[in-house]
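Report on one structure; see the data block that follows.
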Amino acid sequence: MPKAGRYHEGVPCWSVLTTPDLPRARRFYGALFGWEFVPTGPAEAVATLRGAQVAALDAAPRPAAWTTCLACRDLARTAAAVRAAGGRIAREPYEVPDQGWAALAVDPLGVTFGLWQGDAVDGAGLVDEPGALTWNEHRSPDPDAARAFYRLVLGYGYDRPEAGHTLARVAGLPACGIGPTDPPGGAPGWVTHFGTADTDHATTAVRALGGTVRRGPGPTPFGRSALVRDDAGAQFVLIAVPPGPSAAAA
């Protein structure tokens, strides 16, 4: 993933957890990743790691889920492109004071994603380290339709598909993955990946904290990974990455 401050158009730059119980989520992710939290409203908080912003948490009375946010330079233009390509805007562009502008979109596969036009904050301030965002993948029953949509909206280029999976590129650099649902027949969605220094240790911690392990841990070409859910049901991937300076035990 491109380092903070270098988020090209279309690159996943931020992830937001929507959860019905904010204190519960703070306890889970604080224990798992060593996150600290800065309240940004009566039902909102920003998660930080070693002082850097790494994610956001919003309380809402609906099933817990992580939402991937994609960087854009002109939010109004990108929202119009979403509509023109067959998607819809679920929440119109709005200002996040002192940070930037955001919107919530839904693609033709029914997958929700965020759009972020950064100002003072262009996205996560720490990536590719334990406890931080590392990767995002779009999974759906029709990857070809997903590739066509995101190419139109954000200009993605693609490597040759392998078993239905494709690496999407922005400015020639890897941005995200697009592929079929896993397991087959599963619900479509963007899947957020967070780094961990030890995937086996982290999955043990997930279980101890009341979460569940859906698959793994096991080897992948990119690091040992596991598909997990937090104690409210929000799904994400843990993947091993090299420890950063003073990294949390996650």
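Please note that chains go A, B, ... in the order of the structure tokens, that every chain numbers its residues from 1, and that ligands are numbered from 1 in the order shown.
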
Running DSSP on the backbone, which parts of segment 41-202 of chain A land in strand (DSSP E), as number ranges by chain?
A: 41, 44-49, 52-59, 65-71, 88-96, 100-106, 112-118, 133-140, 157-158, 166-170, 173-180, 189-196

Do you know which residues are at most 10 Å from Arg62 of chain A counting only C-alpha atoms, after dropping those on the same chain fewer than 3 positions away, and could you put them as a ChimeraX atom specification?
/A:18-21,59,65

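Proximity of A:Leu57, A:Cys13, A:Ala234, A:Ala240 to His201 of chain A, computed with only C-alpha atoms, is greatest for A:Ala240.
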
Name the residues in contact with Gly177 of chain A at a cut-off of 6 Å, using only C-alpha atoms, excluding same-chain residues fewer than 2 positions from it; report them as number ranges by chain.
A: 137, 166-168

Can you work out which one of A:Ala76, A:Val127, A:Ala187, A:Leu173 has the shortest atom-to-atom distance to Arg50 of chain A, counting only C-alpha atoms?
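Looking at the shortest contact to Arg50 of chain A, the residue is A:Val127.
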
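One distance worth recording is that between atom CA of Val213 of chain A and atom CA of Ala226 of chain A, which is 7.2 Å.
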
I'd like a table as CSV: residues in segment 168-235 of chain A with an atom no more than 12 Å from segment 146-151 of chain A, each row giving the shortest atom pair and its distance in Å to one decimal, only C-alpha atoms counted, sorted by chain and rising residue number.
residue,atom,partner,partner_atom,distance
A:Ala168,CA,A:Arg147,CA,8.4
A:Arg169,CA,A:Arg151,CA,9.9
A:Val170,CA,A:Arg151,CA,10.0
A:Ala175,CA,A:Tyr150,CA,11.8
A:Cys176,CA,A:Tyr150,CA,11.1
A:Gly177,CA,A:Arg147,CA,9.8
A:Ile178,CA,A:Arg147,CA,7.1
A:Gly179,CA,A:Ala146,CA,8.6
A:Pro180,CA,A:Ala146,CA,9.9
A:Thr181,CA,A:Ala146,CA,11.9
A:Pro188,CA,A:Ala146,CA,10.5
A:Gly189,CA,A:Ala146,CA,10.7
A:Trp190,CA,A:Ala146,CA,11.0

Writing out the chosen residues with N, CA and C atoms as a compact mmCIF listing (two decimals), in the first residue's frame:
# COMPACT_ATOMS: atom_id res chain seq x y z
N ALA A 168 -5.45 -4.68 -8.92
CA ALA A 168 -5.79 -3.38 -9.49
C ALA A 168 -4.64 -2.41 -9.24
N ARG A 169 -4.33 -1.62 -10.24
CA ARG A 169 -3.23 -0.67 -10.14
C ARG A 169 -3.71 0.76 -10.36
N VAL A 170 -3.06 1.68 -9.68
CA VAL A 170 -3.26 3.11 -9.85
C VAL A 170 -1.89 3.74 -10.06
N ALA A 175 -2.83 -1.21 -5.91
CA ALA A 175 -3.77 -0.44 -5.11
C ALA A 175 -4.65 -1.33 -4.25
N CYS A 176 -5.19 -2.41 -4.84
CA CYS A 176 -6.11 -3.28 -4.14
C CYS A 176 -6.31 -4.55 -4.96
N GLY A 177 -7.09 -5.47 -4.46
CA GLY A 177 -7.42 -6.68 -5.19
C GLY A 177 -8.91 -6.74 -5.49
N ILE A 178 -9.26 -7.41 -6.59
CA ILE A 178 -10.66 -7.66 -6.93
C ILE A 178 -10.79 -9.13 -7.29
N GLY A 179 -11.76 -9.81 -6.69
CA GLY A 179 -11.91 -11.23 -6.94
C GLY A 179 -13.25 -11.76 -6.49
N PRO A 180 -13.47 -13.07 -6.61
CA PRO A 180 -14.74 -13.67 -6.23
C PRO A 180 -14.89 -13.76 -4.72
N THR A 181 -16.13 -13.94 -4.28
CA THR A 181 -16.38 -14.10 -2.85
C THR A 181 -15.68 -15.36 -2.34
N PRO A 188 -21.01 -10.26 -0.86
CA PRO A 188 -20.00 -9.39 -1.46
C PRO A 188 -19.59 -8.28 -0.49
N GLY A 189 -18.39 -7.75 -0.68
CA GLY A 189 -17.95 -6.65 0.17
C GLY A 189 -16.48 -6.33 -0.04
N TRP A 190 -16.10 -5.14 0.41
CA TRP A 190 -14.69 -4.79 0.52
C TRP A 190 -14.18 -5.40 1.83

May I ask which of the residues A:Gly125, A:Pro219, A:Pro161, A:Pro61 is the closest one to Val46 of chain A, counting only C-alpha atoms?
A:Gly125

Contacts of Ala45 of chain A at 6 Å (only C-alpha atoms; same-chain gap of 6+ positions) as a PDB file with C-alpha atoms, in the first residue's frame:
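Output file selection.pdb is given in full below:
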ATOM      1  CA  VAL A  38      -9.673  10.183  20.395  1.00  0.00           C
ATOM      2  CA  PRO A  39     -13.389  11.101  20.560  1.00  0.00           C
ATOM      3  CA  ALA A  56     -12.260   5.557  12.597  1.00  0.00           C
ATOM      4  CA  LEU A  57     -15.141   4.154  14.639  1.00  0.00           C
TER       5      LEU A  57
END

Among listed residues A:Leu133, A:Ala60, A:Ala81, A:Ala55, nearest Ala43 of chain A (using only C-alpha atoms)
A:Ala60

Just list the residues in segment 103-240 of chain A DSSP gives alpha helix (DSSP H) on the backbone, as a tab-separated table (two decimals) with N, CA and C atoms, in the first residue's frame.
chain	number	residue	atom	x	y	z
A	143	PRO	N	-16.71	-10.57	-10.39
A	143	PRO	CA	-15.52	-9.71	-10.41
A	143	PRO	C	-15.38	-8.90	-11.69
A	144	ASP	N	-15.83	-9.45	-12.83
A	144	ASP	CA	-15.72	-8.70	-14.08
A	144	ASP	C	-16.54	-7.42	-14.02
A	145	ALA	N	-17.75	-7.49	-13.45
A	145	ALA	CA	-18.58	-6.30	-13.31
A	145	ALA	C	-17.93	-5.30	-12.36
A	146	ALA	N	-17.32	-5.80	-11.28
A	146	ALA	CA	-16.64	-4.91	-10.35
A	146	ALA	C	-15.46	-4.22	-11.02
A	147	ARG	N	-14.69	-4.97	-11.80
A	147	ARG	CA	-13.55	-4.37	-12.48
A	147	ARG	C	-14.00	-3.28	-13.46
A	148	ALA	N	-15.09	-3.54	-14.18
A	148	ALA	CA	-15.58	-2.55	-15.13
A	148	ALA	C	-16.03	-1.28	-14.42
A	149	PHE	N	-16.73	-1.44	-13.30
A	149	PHE	CA	-17.21	-0.27	-12.56
A	149	PHE	C	-16.07	0.58	-12.04
A	150	TYR	N	-15.11	-0.03	-11.36
A	150	TYR	CA	-14.03	0.76	-10.74
A	150	TYR	C	-13.06	1.32	-11.79
A	151	ARG	N	-12.96	0.68	-12.94
A	151	ARG	CA	-12.17	1.26	-14.02
A	151	ARG	C	-12.83	2.57	-14.50
A	152	LEU	N	-14.15	2.54	-14.68
A	152	LEU	CA	-14.87	3.72	-15.13
A	152	LEU	C	-14.81	4.86	-14.11
A	153	VAL	N	-14.97	4.50	-12.84
A	153	VAL	CA	-15.08	5.53	-11.80
A	153	VAL	C	-13.71	6.07	-11.38
A	154	LEU	N	-12.72	5.18	-11.25
A	154	LEU	CA	-11.45	5.57	-10.65
A	154	LEU	C	-10.23	5.30	-11.53
A	199	THR	N	0.44	-13.75	13.35
A	199	THR	CA	-0.95	-14.05	13.04
A	199	THR	C	-1.54	-15.09	14.00
A	200	ASP	N	-0.76	-16.10	14.36
A	200	ASP	CA	-1.27	-17.13	15.26
A	200	ASP	C	-1.58	-16.54	16.63
A	201	HIS	N	-0.68	-15.71	17.12
A	201	HIS	CA	-0.91	-15.06	18.41
A	201	HIS	C	-2.14	-14.16	18.35
A	202	ALA	N	-2.28	-13.43	17.24
A	202	ALA	CA	-3.39	-12.49	17.10
A	202	ALA	C	-4.73	-13.21	17.02
A	203	THR	N	-4.78	-14.35	16.32
A	203	THR	CA	-6.05	-15.08	16.24
A	203	THR	C	-6.44	-15.67	17.60
A	204	THR	N	-5.44	-16.09	18.37
A	204	THR	CA	-5.73	-16.54	19.73
A	204	THR	C	-6.32	-15.40	20.55
A	205	ALA	N	-5.77	-14.20	20.36
A	205	ALA	CA	-6.30	-13.03	21.06
A	205	ALA	C	-7.71	-12.70	20.61
A	206	VAL	N	-7.99	-12.83	19.32
A	206	VAL	CA	-9.35	-12.58	18.81
A	206	VAL	C	-10.35	-13.46	19.54
A	207	ARG	N	-10.04	-14.75	19.63
A	207	ARG	CA	-10.95	-15.68	20.32
A	207	ARG	C	-11.11	-15.31	21.80
A	208	ALA	N	-10.00	-14.98	22.45
A	208	ALA	CA	-10.05	-14.64	23.87
A	208	ALA	C	-10.88	-13.39	24.12

Contacts of Gln117 of chain A at 12 Å (only C-alpha atoms; same-chain gap of 4+ positions) as a PyMOL selection string:
chain A and resi 7-14+69-79+93-96+99-104+121-123

Would you mind exporting N, CA and C atoms of the selected residues as a short mmCIF file (atom, residue, chain, number, x, y, z; two decimals), in the first residue's frame?
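Saved result, result-v7.cif, follows:
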data_model
loop_
_atom_site.label_atom_id
_atom_site.label_comp_id
_atom_site.auth_asym_id
_atom_site.auth_seq_id
_atom_site.Cartn_x
_atom_site.Cartn_y
_atom_site.Cartn_z
N TYR A 7 -1.46 9.11 -1.28
CA TYR A 7 -2.65 8.39 -1.70
C TYR A 7 -3.13 8.91 -3.05
N HIS A 8 -2.87 8.13 -4.10
CA HIS A 8 -3.35 8.48 -5.43
C HIS A 8 -4.86 8.26 -5.51
N GLU A 9 -5.47 8.86 -6.53
CA GLU A 9 -6.89 8.66 -6.80
C GLU A 9 -7.22 7.17 -6.86
N GLY A 10 -8.22 6.77 -6.07
CA GLY A 10 -8.68 5.39 -6.09
C GLY A 10 -8.00 4.44 -5.13
N VAL A 11 -6.94 4.87 -4.48
CA VAL A 11 -6.23 4.00 -3.54
C VAL A 11 -6.99 3.95 -2.21
N PRO A 12 -7.22 2.76 -1.65
CA PRO A 12 -7.81 2.69 -0.30
C PRO A 12 -6.94 3.44 0.69
N CYS A 13 -7.53 4.41 1.38
CA CYS A 13 -6.73 5.28 2.24
C CYS A 13 -7.19 5.30 3.68
N TRP A 14 -8.31 4.65 3.97
CA TRP A 14 -8.90 4.79 5.30
C TRP A 14 -9.94 3.70 5.48
N CYS A 69 -12.51 3.07 2.46
CA CYS A 69 -12.64 4.40 1.85
C CYS A 69 -11.56 4.59 0.80
N LEU A 70 -11.97 5.08 -0.38
CA LEU A 70 -11.07 5.27 -1.51
C LEU A 70 -10.77 6.76 -1.70
N ALA A 71 -9.52 7.07 -1.93
CA ALA A 71 -9.11 8.46 -2.08
C ALA A 71 -9.61 9.04 -3.40
N CYS A 72 -9.99 10.30 -3.39
CA CYS A 72 -10.36 10.99 -4.63
C CYS A 72 -9.97 12.47 -4.50
N ARG A 73 -9.66 13.07 -5.63
CA ARG A 73 -9.24 14.47 -5.64
C ARG A 73 -10.41 15.43 -5.73
N ASP A 74 -11.50 15.01 -6.37
CA ASP A 74 -12.67 15.85 -6.57
C ASP A 74 -13.90 15.01 -6.23
N LEU A 75 -14.39 15.16 -5.01
CA LEU A 75 -15.45 14.29 -4.51
C LEU A 75 -16.73 14.43 -5.33
N ALA A 76 -17.09 15.64 -5.71
CA ALA A 76 -18.31 15.84 -6.48
C ALA A 76 -18.21 15.14 -7.84
N ARG A 77 -17.04 15.25 -8.49
CA ARG A 77 -16.86 14.60 -9.78
C ARG A 77 -16.91 13.09 -9.65
N THR A 78 -16.27 12.56 -8.60
CA THR A 78 -16.26 11.11 -8.42
C THR A 78 -17.65 10.59 -8.08
N ALA A 79 -18.41 11.32 -7.28
CA ALA A 79 -19.78 10.92 -6.97
C ALA A 79 -20.63 10.86 -8.24
N PRO A 93 -21.95 13.94 -0.29
CA PRO A 93 -20.71 14.51 0.26
C PRO A 93 -20.97 15.45 1.42
N TYR A 94 -20.15 15.28 2.46
CA TYR A 94 -20.27 16.10 3.66
C TYR A 94 -18.87 16.42 4.18
N GLU A 95 -18.78 17.51 4.90
CA GLU A 95 -17.48 17.95 5.42
C GLU A 95 -17.18 17.31 6.76
N VAL A 96 -15.95 16.86 6.92
CA VAL A 96 -15.43 16.42 8.21
C VAL A 96 -14.52 17.55 8.68
N GLN A 99 -10.49 18.10 8.47
CA GLN A 99 -9.87 16.89 7.92
C GLN A 99 -10.08 16.74 6.41
N GLY A 100 -11.33 16.89 5.94
CA GLY A 100 -11.59 16.70 4.51
C GLY A 100 -13.07 16.54 4.25
N TRP A 101 -13.37 15.90 3.12
CA TRP A 101 -14.75 15.67 2.70
C TRP A 101 -14.96 14.19 2.44
N ALA A 102 -16.16 13.69 2.76
CA ALA A 102 -16.45 12.26 2.63
C ALA A 102 -17.81 12.05 1.99
N ALA A 103 -18.01 10.86 1.45
CA ALA A 103 -19.31 10.41 0.95
C ALA A 103 -19.35 8.90 1.08
N LEU A 104 -20.56 8.36 1.04
CA LEU A 104 -20.74 6.91 1.11
C LEU A 104 -21.43 6.46 -0.18
N VAL A 121 -6.09 15.91 6.51
CA VAL A 121 -5.85 14.48 6.69
C VAL A 121 -6.14 13.77 5.38
N ASP A 122 -5.12 13.17 4.76
CA ASP A 122 -5.34 12.53 3.46
C ASP A 122 -5.62 11.04 3.58
N GLY A 123 -5.58 10.51 4.80
CA GLY A 123 -5.85 9.10 5.02
C GLY A 123 -5.12 8.62 6.25
#

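Residues surrounding Arg229 of chain A within 12 Å are Ala25, Phe28, Tyr29, Ala64, Ala65, Trp66, Val191, Thr192, His193, Thr203, Ala205, Val206, Arg207, Leu209, Gly210, Gly211, Thr212, Val213, Arg214, Arg215, Ala234, Gln235, Phe236, Val237 and Leu238 of chain A [only C-alpha atoms; sequence separation below 5 positions excluded].
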
In Å, rounded to a single decimal, give me how far atom CA of Ala84 of chain A is from atom CA of Trp135 of chain A.
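Separation of atom CA of Trp135 of chain A and atom CA of Ala84 of chain A: 27.2 Å.
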
Tell me which of A:Ala47, A:Leu109, A:Leu32, A:Val16 sits closest to Asp231 of chain A, counting only C-alpha atoms.
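Checking each candidate against Asp231 of chain A, we get A:Leu32 as the closest.
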
Using only C-alpha atoms: which of A:Ala171, A:Ala85, A:Leu22, A:Ala132 has the shortest distance to Tyr156 of chain A:
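So, comparing all the options, the nearest one is A:Ala171.
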
Between atom CA of Asp230 of chain A and atom CA of Pro23 of chain A, measure the distance and give it in Å to one decimal.
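Those two atoms sit 13.2 Å apart.
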